[in-house]
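Chemist: run.txt is reproduced in full below (compact mmCIF, C-alpha atoms).
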```
# COMPACT_ATOMS: atom_id res chain seq x y z
CA MET A 9 -13.38 72.63 -56.32
CA PRO A 10 -15.49 70.13 -54.48
CA LYS A 11 -16.62 71.23 -51.08
CA LYS A 12 -14.90 69.64 -48.16
CA ASN A 13 -17.06 67.49 -45.95
CA ASN A 14 -16.21 68.63 -42.46
CA ALA A 15 -18.73 66.34 -40.82
CA PRO A 16 -17.07 63.99 -38.30
CA ARG A 17 -16.58 60.48 -39.57
CA LYS A 18 -18.58 57.81 -37.87
CA LYS A 19 -16.43 55.32 -36.04
CA LYS A 20 -16.65 51.84 -37.43
CA GLN A 21 -18.54 49.65 -35.02
CA LEU A 22 -16.56 46.60 -34.03
CA PRO A 23 -18.51 43.38 -33.66
CA LYS A 24 -19.65 42.82 -30.12
CA GLN A 25 -17.37 40.39 -28.34
CA PRO A 26 -18.98 37.47 -26.49
CA PRO A 27 -18.45 37.16 -22.74
CA ARG A 28 -15.64 34.94 -21.52
CA ILE A 29 -17.10 32.18 -19.35
CA TYR A 30 -14.89 29.46 -17.90
CA MET A 31 -16.70 26.18 -17.34
CA ASP A 32 -13.75 23.80 -17.29
CA TYR A 33 -12.88 23.79 -13.60
CA GLY A 34 -12.64 20.01 -13.72
CA ALA A 35 -9.53 20.38 -15.88
CA ALA A 36 -7.79 23.17 -13.98
CA THR A 37 -8.72 25.96 -11.60
CA PRO A 38 -7.41 29.52 -11.52
CA VAL A 39 -5.23 30.34 -8.53
CA ASP A 40 -7.36 31.97 -5.84
CA PRO A 41 -6.22 35.62 -5.45
CA ARG A 42 -5.87 35.06 -1.70
CA VAL A 43 -3.58 32.10 -2.34
CA ALA A 44 -1.59 33.98 -4.96
CA LYS A 45 -0.98 36.87 -2.57
CA LEU A 46 0.14 34.59 0.27
CA ALA A 47 2.36 32.45 -1.93
CA ALA A 48 3.92 35.47 -3.64
CA GLY A 49 4.65 36.95 -0.24
CA ILE A 50 7.03 34.16 0.74
CA LEU A 51 8.85 33.87 -2.61
CA PRO A 52 11.58 36.47 -1.87
CA GLU A 53 12.42 34.96 1.52
CA ILE A 54 11.65 31.23 1.38
CA PHE A 55 13.99 30.10 -1.38
CA ALA A 56 16.57 27.85 0.27
CA ASN A 57 16.70 24.05 0.12
CA SER A 58 14.59 22.71 2.95
CA MET A 59 17.20 19.99 3.57
CA SER A 60 19.90 22.54 4.41
CA PHE A 61 20.97 22.94 8.05
CA HIS A 62 21.56 26.71 7.97
CA SER A 63 18.89 29.16 9.07
CA PHE A 64 17.68 29.85 5.52
CA GLY A 65 17.09 26.15 4.97
CA GLN A 66 15.41 25.76 8.33
CA ASP A 67 13.04 28.63 7.53
CA ALA A 68 12.01 26.73 4.40
CA ARG A 69 11.70 23.55 6.43
CA ALA A 70 9.38 25.26 8.91
CA VAL A 71 7.07 26.44 6.11
CA LEU A 72 7.14 22.97 4.56
CA GLU A 73 6.15 21.21 7.80
CA GLU A 74 3.44 23.76 8.59
CA SER A 75 2.04 23.16 5.10
CA ARG A 76 2.15 19.41 5.65
CA GLN A 77 0.04 19.81 8.80
CA ASP A 78 -2.45 22.06 7.01
CA VAL A 79 -2.97 19.65 4.09
CA ALA A 80 -3.27 16.69 6.46
CA SER A 81 -5.98 18.47 8.46
CA VAL A 82 -8.35 18.44 5.47
CA ILE A 83 -8.51 14.62 5.45
CA GLY A 84 -8.05 13.95 9.18
CA ALA A 85 -4.55 12.51 8.78
CA PRO A 86 -1.36 12.89 10.83
CA ALA A 87 1.06 15.30 9.14
CA LYS A 88 3.81 12.67 8.94
CA GLU A 89 1.64 10.60 6.59
CA ILE A 90 1.64 13.25 3.85
CA ILE A 91 4.22 12.95 1.05
CA PHE A 92 4.44 15.98 -1.22
CA THR A 93 4.82 15.34 -4.96
CA GLY A 94 4.74 17.40 -8.14
CA SER A 95 1.36 16.27 -9.51
CA ALA A 96 -1.56 13.91 -9.02
CA THR A 97 -0.13 11.80 -11.85
CA GLU A 98 3.08 11.35 -9.89
CA SER A 99 1.15 10.52 -6.71
CA ASN A 100 -0.90 7.87 -8.49
CA ASN A 101 2.21 6.37 -10.09
CA LEU A 102 3.91 6.25 -6.70
CA ALA A 103 0.87 4.65 -5.06
CA LEU A 104 0.45 1.85 -7.60
CA LYS A 105 4.05 1.11 -8.53
CA GLY A 106 5.47 1.77 -5.08
CA VAL A 107 3.01 -0.49 -3.27
CA MET A 108 3.03 -3.30 -5.80
CA PHE A 109 6.83 -3.53 -5.94
CA ALA A 110 7.21 -3.23 -2.17
CA ASN A 111 4.80 -6.11 -1.56
CA ARG A 112 5.86 -8.65 -4.17
CA GLN A 113 6.36 -11.27 -1.48
CA LYS A 114 2.65 -11.10 -0.63
CA GLY A 115 1.41 -11.26 -4.22
CA LYS A 116 1.21 -9.66 -7.64
CA HIS A 117 -2.50 -8.89 -7.91
CA LEU A 118 -3.87 -5.36 -8.39
CA ILE A 119 -7.54 -4.32 -8.70
CA ILE A 120 -8.69 -1.08 -10.34
CA SER A 121 -11.97 0.29 -11.68
CA PRO A 122 -12.42 0.73 -15.46
CA ILE A 123 -13.05 4.48 -15.13
CA GLU A 124 -9.82 5.56 -13.42
CA HIS A 125 -7.81 8.53 -14.62
CA ALA A 126 -5.40 7.73 -17.44
CA CYS A 127 -2.40 7.83 -15.09
CA VAL A 128 -3.86 4.96 -13.04
CA MET A 129 -4.95 3.02 -16.13
CA GLU A 130 -1.52 3.40 -17.73
CA SER A 131 0.34 2.58 -14.50
CA ALA A 132 -1.68 -0.61 -14.20
CA ALA A 133 -0.95 -1.51 -17.83
CA TRP A 134 2.77 -0.91 -17.23
CA LEU A 135 2.69 -3.11 -14.12
CA GLU A 136 1.17 -5.90 -16.22
CA LYS A 137 4.24 -5.73 -18.44
CA GLN A 138 6.39 -6.21 -15.33
CA GLY A 139 4.62 -9.45 -14.48
CA PHE A 140 1.85 -8.21 -12.20
CA GLU A 141 -1.78 -9.25 -12.68
CA VAL A 142 -4.53 -6.63 -12.95
CA THR A 143 -8.28 -7.11 -12.48
CA ARG A 144 -10.48 -4.36 -13.90
CA LEU A 145 -13.87 -4.17 -12.25
CA LYS A 146 -17.15 -3.28 -13.96
CA VAL A 147 -19.30 -0.22 -13.26
CA ASP A 148 -23.02 0.29 -13.73
CA LYS A 149 -24.63 2.79 -16.11
CA TYR A 150 -23.98 5.59 -13.60
CA GLY A 151 -20.31 4.75 -13.23
CA LEU A 152 -20.69 3.24 -9.76
CA VAL A 153 -18.48 0.40 -8.56
CA ASN A 154 -20.40 -2.31 -6.68
CA PRO A 155 -18.62 -3.04 -3.37
CA ASP A 156 -19.72 -6.68 -3.71
CA ASP A 157 -17.71 -6.89 -6.93
CA VAL A 158 -14.65 -5.64 -5.05
CA ALA A 159 -15.14 -8.28 -2.35
CA ALA A 160 -15.49 -11.02 -4.96
CA ALA A 161 -12.37 -9.88 -6.84
CA ILE A 162 -10.02 -9.77 -3.85
CA ARG A 163 -7.80 -12.85 -3.59
CA SER A 164 -5.23 -14.03 -1.09
CA ASP A 165 -2.49 -12.53 -3.30
CA THR A 166 -4.24 -9.18 -3.82
CA VAL A 167 -1.89 -6.40 -2.75
CA LEU A 168 -3.79 -3.23 -3.68
CA VAL A 169 -7.24 -1.99 -4.71
CA SER A 170 -7.42 1.43 -6.39
CA VAL A 171 -10.83 3.06 -6.94
CA MET A 172 -11.11 6.81 -7.46
CA HIS A 173 -13.26 8.85 -5.07
CA ALA A 174 -15.03 10.87 -7.77
CA ASN A 175 -14.70 10.55 -11.52
CA ASN A 176 -13.08 13.40 -13.38
CA GLU A 177 -15.37 13.12 -16.42
CA ILE A 178 -18.85 12.18 -15.23
CA GLY A 179 -18.53 13.32 -11.60
CA THR A 180 -19.90 10.14 -10.02
CA ILE A 181 -18.90 9.71 -6.37
CA GLU A 182 -17.95 6.14 -5.45
CA PRO A 183 -18.88 4.27 -2.22
CA ILE A 184 -15.33 4.65 -0.92
CA ALA A 185 -16.02 3.93 2.75
CA GLU A 186 -17.68 0.60 1.92
CA ILE A 187 -14.92 -0.41 -0.47
CA GLY A 188 -12.28 0.62 2.05
CA LYS A 189 -13.83 -1.51 4.79
CA ILE A 190 -13.92 -4.55 2.51
CA CYS A 191 -10.24 -4.08 1.68
CA ARG A 192 -9.35 -3.65 5.36
CA ASP A 193 -11.26 -6.79 6.34
CA LYS A 194 -9.64 -8.81 3.56
CA GLY A 195 -6.11 -7.57 4.15
CA ALA A 196 -5.60 -5.56 0.93
CA TYR A 197 -4.34 -2.00 0.80
CA PHE A 198 -6.82 0.57 -0.50
CA HIS A 199 -5.85 3.61 -2.60
CA THR A 200 -8.21 6.30 -3.86
CA ASP A 201 -7.50 9.04 -6.36
CA ALA A 202 -9.17 12.05 -4.74
CA ALA A 203 -7.79 14.70 -7.08
CA GLN A 204 -11.33 15.75 -8.03
CA SER A 205 -12.93 15.45 -4.59
CA PHE A 206 -10.26 16.78 -2.20
CA GLY A 207 -11.39 20.13 -0.83
CA LYS A 208 -14.83 19.83 -2.43
CA ILE A 209 -16.54 17.10 -0.41
CA GLU A 210 -15.79 15.68 3.03
CA ILE A 211 -12.99 13.13 3.35
CA ASP A 212 -11.85 11.34 6.50
CA VAL A 213 -9.17 8.76 5.79
CA SER A 214 -9.80 6.90 9.05
CA LYS A 215 -13.58 6.69 8.80
CA MET A 216 -13.32 5.76 5.11
CA ASN A 217 -10.66 3.07 5.65
CA ILE A 218 -8.27 4.69 3.17
CA ASP A 219 -4.62 3.59 3.15
CA LEU A 220 -3.38 5.84 0.34
CA LEU A 221 -4.96 8.98 -1.13
CA THR A 222 -3.99 11.31 -3.96
CA ALA A 223 -4.74 15.05 -3.91
CA SER A 224 -3.71 17.98 -6.12
CA SER A 225 -3.20 21.70 -5.63
CA GLN A 226 -4.30 22.79 -9.09
CA LYS A 227 -7.77 21.31 -8.64
CA ILE A 228 -8.49 23.48 -5.55
CA TYR A 229 -7.35 26.93 -6.74
CA GLY A 230 -3.73 26.45 -5.72
CA PRO A 231 -0.62 26.66 -7.92
CA LYS A 232 0.34 23.91 -10.33
CA GLY A 233 3.38 21.81 -9.49
CA ALA A 234 2.24 20.68 -6.05
CA ALA A 235 0.28 17.60 -5.00
CA CYS A 236 0.47 14.92 -2.32
CA LEU A 237 0.06 11.27 -1.52
CA PHE A 238 -1.29 10.27 1.87
CA VAL A 239 0.32 7.01 2.97
CA ARG A 240 -0.99 5.45 6.16
CA GLN A 241 1.73 4.49 8.61
CA GLY A 242 2.66 0.84 8.17
CA VAL A 243 1.90 0.66 4.45
CA LYS A 244 4.87 -0.87 2.64
CA ILE A 245 5.80 1.32 -0.31
CA GLU A 246 8.94 1.88 -2.36
CA PRO A 247 9.95 5.23 -3.89
CA ILE A 248 9.99 5.62 -7.66
CA LEU A 249 12.27 8.67 -7.57
CA HIS A 250 15.72 8.16 -6.05
CA GLY A 251 18.23 10.80 -5.04
CA GLY A 252 18.71 13.06 -2.04
CA GLY A 253 16.11 11.39 0.16
CA GLN A 254 13.61 14.24 0.52
CA GLU A 255 10.12 13.54 1.87
CA SER A 256 11.38 10.84 4.26
CA GLY A 257 13.11 9.15 1.36
CA MET A 258 9.84 8.66 -0.51
CA ARG A 259 10.22 11.42 -3.11
CA SER A 260 13.74 12.60 -3.84
CA SER A 261 13.87 16.04 -5.46
CA THR A 262 14.38 19.56 -4.14
CA VAL A 263 11.04 20.43 -2.58
CA ASN A 264 8.99 23.20 -4.21
CA VAL A 265 8.20 24.96 -0.93
CA PRO A 266 6.37 28.05 -2.33
CA ALA A 267 4.04 25.89 -4.47
CA ILE A 268 3.43 23.54 -1.53
CA TYR A 269 2.70 26.51 0.71
CA GLY A 270 0.19 27.73 -1.87
CA PHE A 271 -1.32 24.23 -1.96
CA ALA A 272 -1.72 24.29 1.82
CA GLN A 273 -3.33 27.72 1.85
CA ALA A 274 -5.74 26.65 -0.88
CA ALA A 275 -6.58 23.53 1.14
CA LEU A 276 -7.36 25.58 4.26
CA ILE A 277 -9.62 27.93 2.30
CA ALA A 278 -11.38 24.97 0.66
CA LYS A 279 -11.94 23.31 4.02
CA LYS A 280 -13.35 26.49 5.56
CA GLU A 281 -15.69 27.29 2.66
CA MET A 282 -16.57 23.73 1.61
CA ALA A 283 -20.13 23.49 2.91
CA LYS A 284 -21.28 26.88 1.65
CA GLU A 285 -19.53 26.64 -1.72
CA SER A 286 -20.70 23.09 -2.31
CA ALA A 287 -24.33 24.07 -1.74
CA ARG A 288 -23.96 27.04 -4.10
CA GLN A 289 -22.42 24.93 -6.86
CA ILE A 290 -25.01 22.17 -6.52
CA LYS A 291 -27.76 24.74 -7.07
CA LEU A 292 -26.07 26.04 -10.23
CA ARG A 293 -25.24 22.52 -11.43
CA ASP A 294 -28.79 21.29 -11.07
CA LYS A 295 -30.14 24.37 -12.85
CA LEU A 296 -27.69 23.79 -15.69
CA ILE A 297 -28.49 20.09 -16.05
CA ALA A 298 -32.25 20.57 -15.82
CA GLY A 299 -32.19 23.41 -18.34
CA ILE A 300 -30.19 21.44 -20.89
CA LEU A 301 -32.26 18.28 -20.60
CA LYS A 302 -35.51 20.26 -20.83
CA ASN A 303 -34.60 22.55 -23.71
CA ILE A 304 -32.46 20.29 -25.89
CA PRO A 305 -34.22 17.17 -27.20
CA ARG A 306 -32.28 13.91 -27.22
CA SER A 307 -29.83 15.00 -24.55
CA HIS A 308 -28.83 12.62 -21.76
CA LEU A 309 -27.07 12.97 -18.39
CA ASN A 310 -23.89 10.97 -17.88
CA GLY A 311 -23.18 9.82 -14.33
CA HIS A 312 -25.37 9.66 -11.26
CA SER A 313 -27.99 12.39 -10.82
CA ALA A 314 -27.35 12.83 -7.08
CA LYS A 315 -24.08 11.04 -6.23
CA ARG A 316 -21.94 13.45 -8.21
CA LEU A 317 -19.46 16.25 -7.64
CA PRO A 318 -21.08 19.61 -6.83
CA GLY A 319 -19.78 21.32 -9.95
CA ASN A 320 -19.92 18.56 -12.56
CA ALA A 321 -22.42 18.38 -15.44
CA ASN A 322 -21.74 15.85 -18.19
CA ILE A 323 -24.27 15.49 -21.00
CA TRP A 324 -24.25 13.56 -24.26
CA PHE A 325 -26.19 14.75 -27.27
CA GLU A 326 -27.45 12.54 -30.04
CA PHE A 327 -26.18 13.28 -33.58
CA VAL A 328 -23.52 15.76 -32.43
CA GLU A 329 -19.74 15.49 -32.39
CA GLY A 330 -17.94 16.69 -29.23
CA GLU A 331 -15.07 18.64 -30.77
CA SER A 332 -17.48 20.65 -32.90
CA MET A 333 -19.40 21.57 -29.75
CA ILE A 334 -16.23 22.72 -28.00
CA ILE A 335 -15.19 24.87 -30.95
CA GLN A 336 -18.60 26.50 -31.27
CA LEU A 337 -18.85 27.08 -27.54
CA ASP A 338 -15.41 28.69 -27.55
CA ILE A 339 -16.42 30.98 -30.40
CA ASN A 340 -19.30 32.06 -28.18
CA GLY A 341 -16.98 32.65 -25.23
CA ILE A 342 -17.65 29.44 -23.28
CA ALA A 343 -14.77 27.18 -22.23
CA ALA A 344 -15.75 23.53 -21.73
CA SER A 345 -14.40 20.07 -22.55
CA THR A 346 -15.52 16.91 -24.24
CA GLY A 347 -14.31 14.54 -21.55
CA SER A 348 -11.05 14.73 -19.66
CA ALA A 349 -8.71 17.58 -20.58
CA CYS A 350 -5.76 15.24 -20.00
CA SER A 351 -6.80 13.20 -23.03
CA SER A 352 -8.80 15.69 -25.13
CA ALA A 353 -6.27 15.45 -27.96
CA LYS A 354 -7.08 11.77 -28.44
CA LEU A 355 -9.58 10.80 -31.11
CA THR A 356 -10.62 7.55 -29.41
CA ALA A 357 -13.82 7.45 -27.40
CA SER A 358 -13.57 8.09 -23.68
CA HIS A 359 -12.91 4.87 -21.76
CA VAL A 360 -15.09 6.23 -18.97
CA LEU A 361 -18.13 6.74 -21.20
CA THR A 362 -17.77 3.40 -22.96
CA ALA A 363 -17.42 1.72 -19.55
CA ILE A 364 -20.85 3.03 -18.53
CA GLY A 365 -22.40 1.62 -21.71
CA LEU A 366 -22.21 4.37 -24.31
CA LYS A 367 -21.37 3.43 -27.87
CA PRO A 368 -18.26 5.16 -29.30
CA GLN A 369 -20.36 7.53 -31.42
CA GLU A 370 -22.44 8.42 -28.37
CA ALA A 371 -19.35 8.99 -26.25
CA HIS A 372 -18.00 11.36 -28.91
CA GLY A 373 -21.10 13.50 -28.43
CA SER A 374 -20.42 14.21 -24.77
CA LEU A 375 -19.89 17.61 -23.17
CA ARG A 376 -18.46 18.31 -19.72
CA LEU A 377 -19.37 21.63 -18.14
CA SER A 378 -17.69 22.06 -14.76
CA ILE A 379 -18.63 24.84 -12.37
CA GLY A 380 -16.30 26.60 -9.95
CA ARG A 381 -15.96 29.43 -7.45
CA GLN A 382 -16.21 32.19 -10.04
CA THR A 383 -19.25 30.74 -11.83
CA LYS A 384 -22.29 33.00 -11.52
CA ASP A 385 -25.98 32.45 -12.14
CA SER A 386 -25.71 34.71 -15.19
CA ASP A 387 -23.02 32.40 -16.61
CA VAL A 388 -25.39 29.44 -16.38
CA ASN A 389 -28.13 31.50 -18.01
CA TYR A 390 -25.81 32.40 -20.89
CA VAL A 391 -24.89 28.75 -21.47
CA LEU A 392 -28.55 27.73 -21.40
CA LYS A 393 -29.31 30.45 -23.96
CA THR A 394 -26.36 29.66 -26.23
CA LEU A 395 -26.02 25.87 -26.18
CA PRO A 396 -29.42 24.95 -27.73
CA LYS A 397 -28.64 27.13 -30.77
CA ILE A 398 -25.27 25.44 -31.19
CA ILE A 399 -26.72 21.93 -30.92
CA THR A 400 -29.49 22.76 -33.41
CA ARG A 401 -26.97 24.16 -35.90
CA LEU A 402 -24.62 21.19 -35.56
CA ARG A 403 -27.43 18.69 -35.96
CA GLU A 404 -28.51 20.36 -39.18
CA ILE A 405 -25.13 19.55 -40.75
CA SER A 406 -24.49 16.31 -38.89
CA PRO A 407 -23.85 13.12 -40.87
CA PHE A 408 -25.37 11.25 -37.89
CA LYS A 409 -28.83 12.77 -38.19
CA ALA A 410 -31.83 10.69 -37.31
CA ASN A 411 -33.82 9.15 -40.11
CA ASP A 412 -37.12 10.28 -38.65
```
Mind turning the file's structure into structure tokens?
Modeler:
Amino acid sequence: MPKKNNAPRKKKQLPKQPPRIYMDYGAATPVDPRVAKLAAGILPEIFANSMSFHSFGQDARAVLEESRQDVASVIGAPAKEIIFTGSATESNNLALKGVMFANRQKGKHLIISPIEHACVMESAAWLEKQGFEVTRLKVDKYGLVNPDDVAAAIRSDTVLVSVMHANNEIGTIEPIAEIGKICRDKGAYFHTDAAQSFGKIEIDVSKMNIDLLTASSQKIYGPKGAACLFVRQGVKIEPILHGGGQESGMRSSTVNVPAIYGFAQAALIAKKEMAKESARQIKLRDKLIAGILKNIPRSHLNGHSAKRLPGNANIWFEFVEGESMIIQLDINGIAASTGSACSSAKLTASHVLTAIGLKPQEAHGSLRLSIGRQTKDSDVNYVLKTLPKIITRLREISPFKAND
């Protein structure tokens, strides 16, 4: 009989798993644990309809109005000028459609930039079908709108100008205060989509001459399903949702008080920590950008080098396709995007990148890495170690390789 081998079997070594690094904060942020704890704490008790007159409803109403004041404080606005909505997309739709329809007697002219979020671009296109006229401004190679172009485009029948505060893809921060002053002087309403900038950089709606402003909970570590539209008192605007008359008649629908409360708590934390966190992210961002541009030949920064969001790095690489980059990065544990997450399923080139002068094939080679609260220096180091290998490998099999 063969002798038994009593030696212990060696355990099969599993392949080492890569770290999990999230660098897509521009698309969505995780709920801050402090916010989650506070919001979860009110869920069992604050459940009634805030429009109800009984004590349960009034408790919900009290939380709602306290939250309204907290969100308003971040942008220096009176609480009564905040309308809560379900998303930034809804806020932008309400701003454009509501203002244009409410002011038809004045005119039918709307001005937007060519790099707005898809919800603004599509709202403007829909308004054109309803008989309104839309002017789309130009931007320079950094994605900046020239205030002089805004002044030249405004006509006597211009109702609204909508220029986003900071771009969701390339991170460029627009000269909002200058544009707002021009609109105020010329008698046009001014709306800015601040979904990417709210809670990250300073905003004062009075100093910046803003009449309408969009902000979102899920971009500042609050729960999804809550956002707002600031509407300056005196701005004529019609609701696009009709029903029970919630939010002063501007947004009918049972109010999601727990999500709004979470939004408000996230806004207060963002306001308190803004200066320190912004400085930290800028340091990491600049290290990331400099490392990529230095170590990967034929890589180029999209957007302005200084006038950009603290956590945004957007690079395009010659002879590389964006989706392949995202897949390879994900295999290596890095979450990123090739443009806006809202439109990442589309195969067409980013309208933002083509607006700043990139050819479609160049735009397809773009990568957005967005930094957030949980991003560490070691995360940046890992990306800088991993990305050059991925780009080299993809270029070796690329059909777009250089001829030299």
Chemist: Mind checking which residues fall within 12 Å of Ala47 (chain A), counting only C-alpha atoms, ignoring those fewer than 2 positions away in the same chain, and posting them as a ChimeraX atom specification?
Modeler: /A:39-45,49-55,71,75,230-231,264-274
Chemist: When distances are computed from all atoms listed in the file, which of A:Lys244, A:His308, A:Lys232, A:Lys284 shows the smallest separation from Ser374 (chain A)?
Modeler: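 Going through A:Lys244, A:His308, A:Lys232, A:Lys284 one by one, the smallest distance to Ser374 (chain A) is for A:His308.
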Chemist: Which residues are near Pro183 (chain A)? Cut-off 9 Å, only C-alpha atoms, ignore same chain within fewer than 2 positions. Put them as a list in words.
Modeler: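 These residues fall inside the cut-off: Leu152, Val153, Asn154, Pro155, His173, Ile181, Ala185, Glu186, Ile187 and Gly188 of chain A.
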Chemist: Counting all atoms listed in the file, note down every residue that has an atom within 9 Å of the point (-23.1, 14.4, -27.5) (file coordinates), as an NGL selection string.
Modeler: :A and (307-308 or 323-330 or 333 or 346 or 369-375)
Chemist: Figure out the distance between CA of Thr222 (chain A) and CA of Ile364 (chain A), please, to one decimal in Å.
Modeler: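 Calculated distance between CA of Ile364 (chain A) and CA of Thr222 (chain A) is 23.8 Å.
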Chemist: Return as a Markdown table the residues of region 290-364 of chain A lying at most 8 Å from region 176-179 of chain A, together with the closest atom-to-atom pair for each and the distance in Å to one decimal, counting all atoms listed in the file, with rows in chain order and ascending residue number.
Modeler:
```
| residue | atom | partner | partner_atom | distance |
| --- | --- | --- | --- | --- |
| A:Asn310 | CA | A:Ile178 | CA | 5.8 |
| A:Gly311 | CA | A:Ile178 | CA | 5.0 |
| A:His312 | CA | A:Gly179 | CA | 7.8 |
| A:Arg316 | CA | A:Gly179 | CA | 4.8 |
| A:Leu317 | CA | A:Gly179 | CA | 5.0 |
| A:Asn320 | CA | A:Gly179 | CA | 5.5 |
| A:Ala321 | CA | A:Ile178 | CA | 7.2 |
| A:Asn322 | CA | A:Ile178 | CA | 5.5 |
| A:Gly347 | CA | A:Glu177 | CA | 5.4 |
| A:Ser348 | CA | A:Glu177 | CA | 5.6 |
| A:Val360 | CA | A:Glu177 | CA | 7.4 |
```
Chemist: Could you pull the residues within 12 Å of Glu246 (chain A), counting only C-alpha atoms, minus those fewer than 4 positions along the same chain, as a ChimeraX atom specification?
Modeler: /A:101-112,239,250,256-260
Chemist: Using only C-alpha atoms, pick whichever of A:Ile123, A:Ile162, A:Leu220, A:Ile91 has the shortest atom-to-atom distance to Ala234 (chain A).
Modeler: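 Checking each of A:Ile123, A:Ile162, A:Leu220, A:Ile91 against Ala234 (chain A), counting only C-alpha atoms, the winner is A:Ile91.
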Chemist: When you count all atoms listed in the file, which of these residues is closest to Ala343 (chain A): A:Asp385, A:Lys24, A:Ile29, A:Phe198?
Modeler: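 Distance minimum relative to Ala343 (chain A) lands on A:Ile29.
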Chemist: Which neighbours of Ile304 (chain A) fall inside 8 Å, counting all atoms listed in the file, when residues of the same chain fewer than 4 positions from it are skipped, and could you give them as a ChimeraX atom specification?
Modeler: /A:300,396,399
